[in-house]
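Here the structure is laid out as structure tokens; the discussion comes afterwards.
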Amino acid sequence: MSVDDSMKELPRGIAVLTAWLEAGPGVGPDELVWDILHQAIDEGPESEVAQTLGLAKLASVLLVELSRVSGRDPGLILQQIASNYSV
């Protein structure tokens, strides 16, 4: 299955979440995530933008999938998340 251009950065977002999931004993998930994000920063502005787009694409895919499996409106899901995590 090919990925269209609008989703080409998605693997970068998946890499960040995968690092978080695969954190082992003695290495916190945040440390691994920051390592990946810092790699993008070290690679330059284009890589930083690609990383940001990858995370945004991943968030949109996950929201659509959550909406699909829960049967809930994506806007309502976002509103609930916002109300739960607003500072």
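Following the order of the structure tokens, chains are lettered A, B, ..., residues in each are numbered from 1, and ligands are numbered from 1.
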Next on the checklist: Can you pull out every residue from chain A that DSSP, working from the backbone, puts in helix (DSSP H, G or I), and format the result as a count of residues only?
Outcome noted: 68
Item to check | Separation of atom CA of Trp34 of chain A from atom CA of Glu48 of chain A in Å | outcome: 12.7 Å
Next on the checklist: I need the residue nearest Ile81 of chain A from this list: A:Leu63, A:Val27, A:Val16, A:Ile41. Use only C-alpha atoms for the distance.
Outcome noted: A:Leu63
Checklist entry - Which is closer to Leu10 of chain A than all the others in A:Gln80, A:Asp35, A:Thr52, A:Val64, using only C-alpha atoms? => result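 Looking only at the distances to Leu10 of chain A, the closest residue turns out to be A:Thr52.
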Checklist entry - If we count only C-alpha atoms, what is near Val49 of chain A at a cut-off of 12 Å, once residues fewer than 3 positions away on the same chain are taken out, given as a list in words? => result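 Everything that qualifies: Glu9, Arg12, Gly13, Leu37, Ala40, Ile41, Glu43, Gly44, Pro45, Glu46, Thr52, Leu53, Gly54, Leu55 and Ala56 of chain A.
Interatomic distance, atom CA of Asp42 of chain A to atom CA of Asp4 of chain A: 26.7 Å.
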Checklist outcome for this item: From the list A:Gly28, A:Leu66, A:His38, A:Gln51, the nearest residue to Ile14 of chain A using only C-alpha atoms is A:Gln51
Next on the checklist: Considering only C-alpha atoms, can you say which of A:Lys57, A:Ala82, A:Glu31, A:Glu65 comes closest to Asp5 of chain A?
Outcome noted: A:Lys57
Next on the checklist: What's the separation between atom CA of Ser6 of chain A and atom CA of Ser86 of chain A, in Å to one decimal place?
Outcome noted: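 Between atom CA of Ser6 of chain A and atom CA of Ser86 of chain A the gap is 29.6 Å.
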